[in-house]
Amino acid sequence: MPLLNLDRLCEGLEKGDWAGFLKDWDRTLRAGNHPETTRYNYLLAAAQLARYLGEESPDPDADDAAQDPTLVTKAHCESFQAWMIQTRSPATALNKHKGLQQFFKYLLEEEEIDKSPMARVKQPIIPQKLVPIMGDDDTKKLLDSTKGKTFMALRDEALIRLYYNTGARLSEIGNLALTDLDMNTESVRLRSKGAKDRRVRFDPKTSRALARYLRARAKRKGADAVPELWLSERGTKPLAPNGIKIMLKRRGAAAGVTNTHAQRWRHNFAHEWHKKGGNTGDLMLLLGWASEDMPRRYGASAAAERALELQTQMGIGEKV
């Protein structure tokens with residue numbers, strides 16, 4: 001099932017102009033080759049603003065804007081952002097902020113408005129949190145849960161090792177095709193955000209796990225006609241990224257590992273890279289980042305750990 005269902009996303013917005021603008025905007029986004037996940041996040045932000053104006057906003061003047069996005073004001077956007085912070089989280093509010101910036105930029109380009117109401121709306125401040133990494137101990141517990149020769153055990157071991165070994169995003173591993181895998185060079189082609197491809201290596205243990213999974217996959221009737229790398233438990237249906245997310249949570253619960261998700265291995269990759277003195281530019285290439293803000297954020301846990309280790313070595317305050 002595709003992530004973006006535009007008719008469903010526009011449900012309840014057909015009476016005014018919002019649905020028409022959103023559908024026109026999606027056509028422009030598709031023409032610009034924006035990934036489906038980006039389009040979905042952008043369009044969802046605008047649709048949520050429209051629903052907020054019609055159902056939640058305390059502003060009596062919001063009714064007209066709930067019908068026509070060209071009537072949205074800065075105050076409407078700020079009120080929506082504050083509501084998002086209160087009912088969801090600052091991180092979610094920031095995501096909506098970015099989506100709405102793009103929506104009103106589109107209306108500007110279409111000459112539907114003279115000025116974006118988001119022009120002077122400040123981004124919400126996001127409290128910095130040290131994301132817990134998924135290190136060796138927790139990963140070993142998860143891998144121990146995959147011991148066996150069943151199809152699911154072989155598939156899940158290959159998935160876990162590939163995430164752990166490459167630090168790739170959930171969707172990058174989850175959307176792999178068979179042709180993306182090169183067992184001769186022990187490397188895989190990943191499709192990053194912004195339609196950027198990159199190739200990364202994996203180690204011999206991951207290679208062995210993948211080889212065992214591929215042999216099991218080849219024995220499935222009809223599997224050779226499925227281009228996707230990962231197959232579901234039964235039949236020859238592809239295993240989507242959301243299915244992988246569910247699998248990791250289930251494995252984590254069984255192994256006693258809390259908060260099990262692929263992003264933690266991504267943090268672990270950056271953590272270990274910085275800890276061992278790796279170059280930030282090379283890390284950006286390997287993990288598919290375009291901005292240095294990301295390695296700084298992902299490297300925060302490694303920096304904190306290095307500081308603690310140095311503090312212990314220095315023995316400050318222990319001489320008296």
# chains A, B, ... in the order shown; residues from 1 in each chain; ligands from 1
call {"tool": "residues_around", "arguments": {"residues": "Glu14 in chain A", "least_positions_apart": "3", "cutoff": "12 Å", "atoms": "only C-alpha atoms", "output": "PyMOL selection string"}}
result
chain A and resi 6-11+17-23+47+50-51+66-68
call {"tool": "closest_atom_pairs", "arguments": {"of": "range 45-149 of chain A", "to": "range 265-287 of chain A", "cutoff": "9 Å", "atoms": "only C-alpha atoms", "output": "CSV"}}
result
residue,atom,partner,partner_atom,distance
A:Val131,CA,A:His267,CA,7.3
A:Pro132,CA,A:His267,CA,7.7
A:Ile133,CA,A:Asn268,CA,4.8
A:Met134,CA,A:Trp265,CA,5.2
A:Gly135,CA,A:Asn268,CA,6.3
A:Thr139,CA,A:Trp265,CA,8.9
call {"tool": "write_last_selection", "arguments": {"atoms": "C-alpha atoms", "output": "short mmCIF file (atom, residue, chain, number, x, y, z; two decimals), in the first residue's frame"}}
result
data_model
loop_
_atom_site.label_atom_id
_atom_site.label_comp_id
_atom_site.auth_asym_id
_atom_site.auth_seq_id
_atom_site.Cartn_x
_atom_site.Cartn_y
_atom_site.Cartn_z
CA VAL A 131 19.65 9.44 21.77
CA PRO A 132 20.58 6.05 23.24
CA ILE A 133 22.69 4.04 20.84
CA MET A 134 22.19 0.38 19.98
CA GLY A 135 25.58 -1.01 20.93
CA THR A 139 22.57 -6.03 19.26
#
call {"tool": "residues_around", "arguments": {"residues": "Arg251 in chain A", "least_positions_apart": "3", "cutoff": "8 Å", "atoms": "only C-alpha atoms", "output": "number ranges by chain"}}
result
A: 142, 145, 247-248, 254-255
call {"tool": "write_last_selection", "arguments": {"atoms": "all heavy atoms", "output": "PDB file, in the first residue's frame"}}
result
ATOM      1  N   LEU A 142      19.613  -9.229  20.343  1.00  0.00           N
ATOM      2  CA  LEU A 142      18.686  -9.337  19.210  1.00  0.00           C
ATOM      3  C   LEU A 142      19.122 -10.436  18.254  1.00  0.00           C
ATOM      4  O   LEU A 142      18.294 -11.218  17.763  1.00  0.00           O
ATOM      5  CB  LEU A 142      18.601  -7.999  18.473  1.00  0.00           C
ATOM      6  CG  LEU A 142      17.915  -6.859  19.228  1.00  0.00           C
ATOM      7  CD1 LEU A 142      18.109  -5.550  18.497  1.00  0.00           C
ATOM      8  CD2 LEU A 142      16.427  -7.144  19.380  1.00  0.00           C
ATOM      9  N   SER A 145      18.287 -13.864  19.323  1.00  0.00           N
ATOM     10  CA  SER A 145      16.872 -14.232  19.119  1.00  0.00           C
ATOM     11  C   SER A 145      16.606 -14.725  17.702  1.00  0.00           C
ATOM     12  O   SER A 145      15.529 -15.252  17.424  1.00  0.00           O
ATOM     13  CB  SER A 145      15.971 -13.033  19.426  1.00  0.00           C
ATOM     14  OG  SER A 145      16.001 -12.073  18.372  1.00  0.00           O
ATOM     15  N   MET A 247       8.752  -5.799  13.135  1.00  0.00           N
ATOM     16  CA  MET A 247       9.598  -6.949  13.451  1.00  0.00           C
ATOM     17  C   MET A 247      10.643  -6.598  14.494  1.00  0.00           C
ATOM     18  O   MET A 247      10.877  -7.360  15.449  1.00  0.00           O
ATOM     19  CB  MET A 247      10.274  -7.453  12.176  1.00  0.00           C
ATOM     20  CG  MET A 247      11.248  -8.626  12.379  1.00  0.00           C
ATOM     21  SD  MET A 247      12.939  -8.155  12.890  1.00  0.00           S
ATOM     22  CE  MET A 247      13.572  -7.432  11.372  1.00  0.00           C
ATOM     23  N   LEU A 248      11.290  -5.433  14.359  1.00  0.00           N
ATOM     24  CA  LEU A 248      12.327  -5.035  15.298  1.00  0.00           C
ATOM     25  C   LEU A 248      11.754  -4.823  16.697  1.00  0.00           C
ATOM     26  O   LEU A 248      12.376  -5.200  17.702  1.00  0.00           O
ATOM     27  CB  LEU A 248      13.012  -3.758  14.811  1.00  0.00           C
ATOM     28  CG  LEU A 248      13.883  -3.900  13.558  1.00  0.00           C
ATOM     29  CD1 LEU A 248      14.388  -2.532  13.101  1.00  0.00           C
ATOM     30  CD2 LEU A 248      15.064  -4.830  13.808  1.00  0.00           C
ATOM     31  N   ALA A 254      11.009  -9.492  22.840  1.00  0.00           N
ATOM     32  CA  ALA A 254      11.354 -10.878  23.180  1.00  0.00           C
ATOM     33  C   ALA A 254      12.748 -10.985  23.785  1.00  0.00           C
ATOM     34  O   ALA A 254      13.002 -11.842  24.641  1.00  0.00           O
ATOM     35  CB  ALA A 254      11.255 -11.756  21.931  1.00  0.00           C
ATOM     36  N   ALA A 255      13.666 -10.101  23.341  1.00  0.00           N
ATOM     37  CA  ALA A 255      15.053 -10.161  23.801  1.00  0.00           C
ATOM     38  C   ALA A 255      15.307  -9.286  25.021  1.00  0.00           C
ATOM     39  O   ALA A 255      16.415  -9.282  25.562  1.00  0.00           O
ATOM     40  CB  ALA A 255      15.991  -9.746  22.670  1.00  0.00           C
TER      41      ALA A 255
END
call {"tool": "atom_distance", "arguments": {"atom1": "CA of Ser192 in chain A", "atom2": "CA of Ser171 in chain A"}}
result
8.9 Å
call {"tool": "residues_around", "arguments": {"residues": "Val72 in chain A", "least_positions_apart": "3", "cutoff": "12 Å", "atoms": "only C-alpha atoms", "output": "VMD selection string"}}
result
chain A and resid 18 46 49 to 50 52 to 54 59 61 to 69 75 to 80 100 103 to 104 107 112 to 118
call {"tool": "closest_residue", "arguments": {"among": "A:Asp137, A:Pro58, A:Arg220, A:Asn41", "to": "Lys98 in chain A", "atoms": "only C-alpha atoms"}}
result
A:Asn41
call {"tool": "atom_distance", "arguments": {"atom1": "CA of Lys221 in chain A", "atom2": "CA of Phe151 in chain A"}}
result
13.3 Å
call {"tool": "atom_distance", "arguments": {"atom1": "CA of Leu94 in chain A", "atom2": "CA of Pro127 in chain A"}}
result
11.6 Å
call {"tool": "residues_around", "arguments": {"residues": "Val200 in chain A", "least_positions_apart": "6", "cutoff": "8 Å", "atoms": "only C-alpha atoms", "output": "count of residues only"}}
result
6
call {"tool": "closest_residue", "arguments": {"among": "A:Ala168, A:Ala158, A:Ala225, A:Ile173", "to": "Thr206 in chain A", "atoms": "only C-alpha atoms"}}
result
A:Ala158
call {"tool": "residues_around", "arguments": {"residues": "Leu178 in chain A", "least_positions_apart": "3", "cutoff": "6 Å", "atoms": "only C-alpha atoms", "output": "PDB file with all heavy atoms, in the first residue's frame"}}
result
ATOM      1  N   LEU A 181      22.100  -5.219  -4.331  1.00  0.00           N
ATOM      2  CA  LEU A 181      23.065  -5.989  -3.552  1.00  0.00           C
ATOM      3  C   LEU A 181      24.156  -6.542  -4.457  1.00  0.00           C
ATOM      4  O   LEU A 181      23.878  -7.134  -5.495  1.00  0.00           O
ATOM      5  CB  LEU A 181      22.328  -7.137  -2.861  1.00  0.00           C
ATOM      6  CG  LEU A 181      22.938  -7.776  -1.614  1.00  0.00           C
ATOM      7  CD1 LEU A 181      23.123  -6.750  -0.514  1.00  0.00           C
ATOM      8  CD2 LEU A 181      22.032  -8.910  -1.134  1.00  0.00           C
ATOM      9  N   PRO A 227      11.046  -8.269  -7.301  1.00  0.00           N
ATOM     10  CA  PRO A 227      12.282  -7.484  -7.354  1.00  0.00           C
ATOM     11  C   PRO A 227      12.799  -7.037  -5.988  1.00  0.00           C
ATOM     12  O   PRO A 227      13.992  -6.813  -5.817  1.00  0.00           O
ATOM     13  CB  PRO A 227      11.904  -6.276  -8.211  1.00  0.00           C
ATOM     14  CG  PRO A 227      10.427  -6.136  -8.037  1.00  0.00           C
ATOM     15  CD  PRO A 227       9.907  -7.535  -7.879  1.00  0.00           C
ATOM     16  N   GLU A 228      11.909  -6.899  -5.010  1.00  0.00           N
ATOM     17  CA  GLU A 228      12.327  -6.451  -3.681  1.00  0.00           C
ATOM     18  C   GLU A 228      13.181  -7.520  -2.988  1.00  0.00           C
ATOM     19  O   GLU A 228      12.952  -8.718  -3.151  1.00  0.00           O
ATOM     20  CB  GLU A 228      11.109  -6.120  -2.807  1.00  0.00           C
ATOM     21  CG  GLU A 228      10.344  -4.890  -3.245  1.00  0.00           C
ATOM     22  CD  GLU A 228       9.314  -5.162  -4.329  1.00  0.00           C
ATOM     23  OE1 GLU A 228       9.200  -6.339  -4.751  1.00  0.00           O
ATOM     24  OE2 GLU A 228       8.627  -4.222  -4.768  1.00  0.00           O
ATOM     25  N   LEU A 229      14.148  -7.069  -2.193  1.00  0.00           N
ATOM     26  CA  LEU A 229      15.050  -7.988  -1.511  1.00  0.00           C
ATOM     27  C   LEU A 229      14.369  -8.744  -0.379  1.00  0.00           C
ATOM     28  O   LEU A 229      14.532  -9.963  -0.250  1.00  0.00           O
ATOM     29  CB  LEU A 229      16.251  -7.209  -0.955  1.00  0.00           C
ATOM     30  CG  LEU A 229      17.255  -7.998  -0.097  1.00  0.00           C
ATOM     31  CD1 LEU A 229      17.866  -9.155  -0.876  1.00  0.00           C
ATOM     32  CD2 LEU A 229      18.349  -7.061   0.424  1.00  0.00           C
TER      33      LEU A 229
END
call {"tool": "select_by_dssp", "arguments": {"residues": "range 37-272 of chain A", "states": "alpha helix (DSSP H)", "output": "JSON, numbers by chain"}}
result
{"A": [37, 38, 39, 40, 41, 42, 43, 44, 45, 46, 47, 48, 49, 50, 51, 52, 53, 54, 55, 62, 63, 64, 65, 66, 67, 74, 75, 76, 77, 78, 79, 80, 81, 82, 83, 84, 85, 86, 87, 90, 91, 92, 93, 94, 95, 96, 97, 98, 99, 100, 101, 102, 103, 104, 105, 106, 107, 108, 109, 136, 137, 138, 139, 140, 141, 142, 143, 144, 151, 152, 153, 154, 155, 156, 157, 158, 159, 160, 161, 162, 163, 164, 165, 166, 170, 171, 172, 173, 174, 204, 205, 206, 207, 208, 209, 210, 211, 212, 213, 214, 215, 216, 217, 218, 241, 242, 243, 244, 245, 246, 247, 248, 249, 250, 251, 252, 253, 254, 255, 262, 263, 264, 265, 266, 267, 268, 269, 270, 271, 272]}
call {"tool": "residues_around", "arguments": {"residues": "Asn175 in chain A", "least_positions_apart": "5", "cutoff": "10 Å", "atoms": "only C-alpha atoms", "output": "list of chain:residue names"}}
result
A:Leu170, A:Asp180, A:Leu190, A:Arg191, A:Glu228, A:Leu229, A:Trp230, A:Pro238, A:Leu239, A:Ala240, A:Pro241
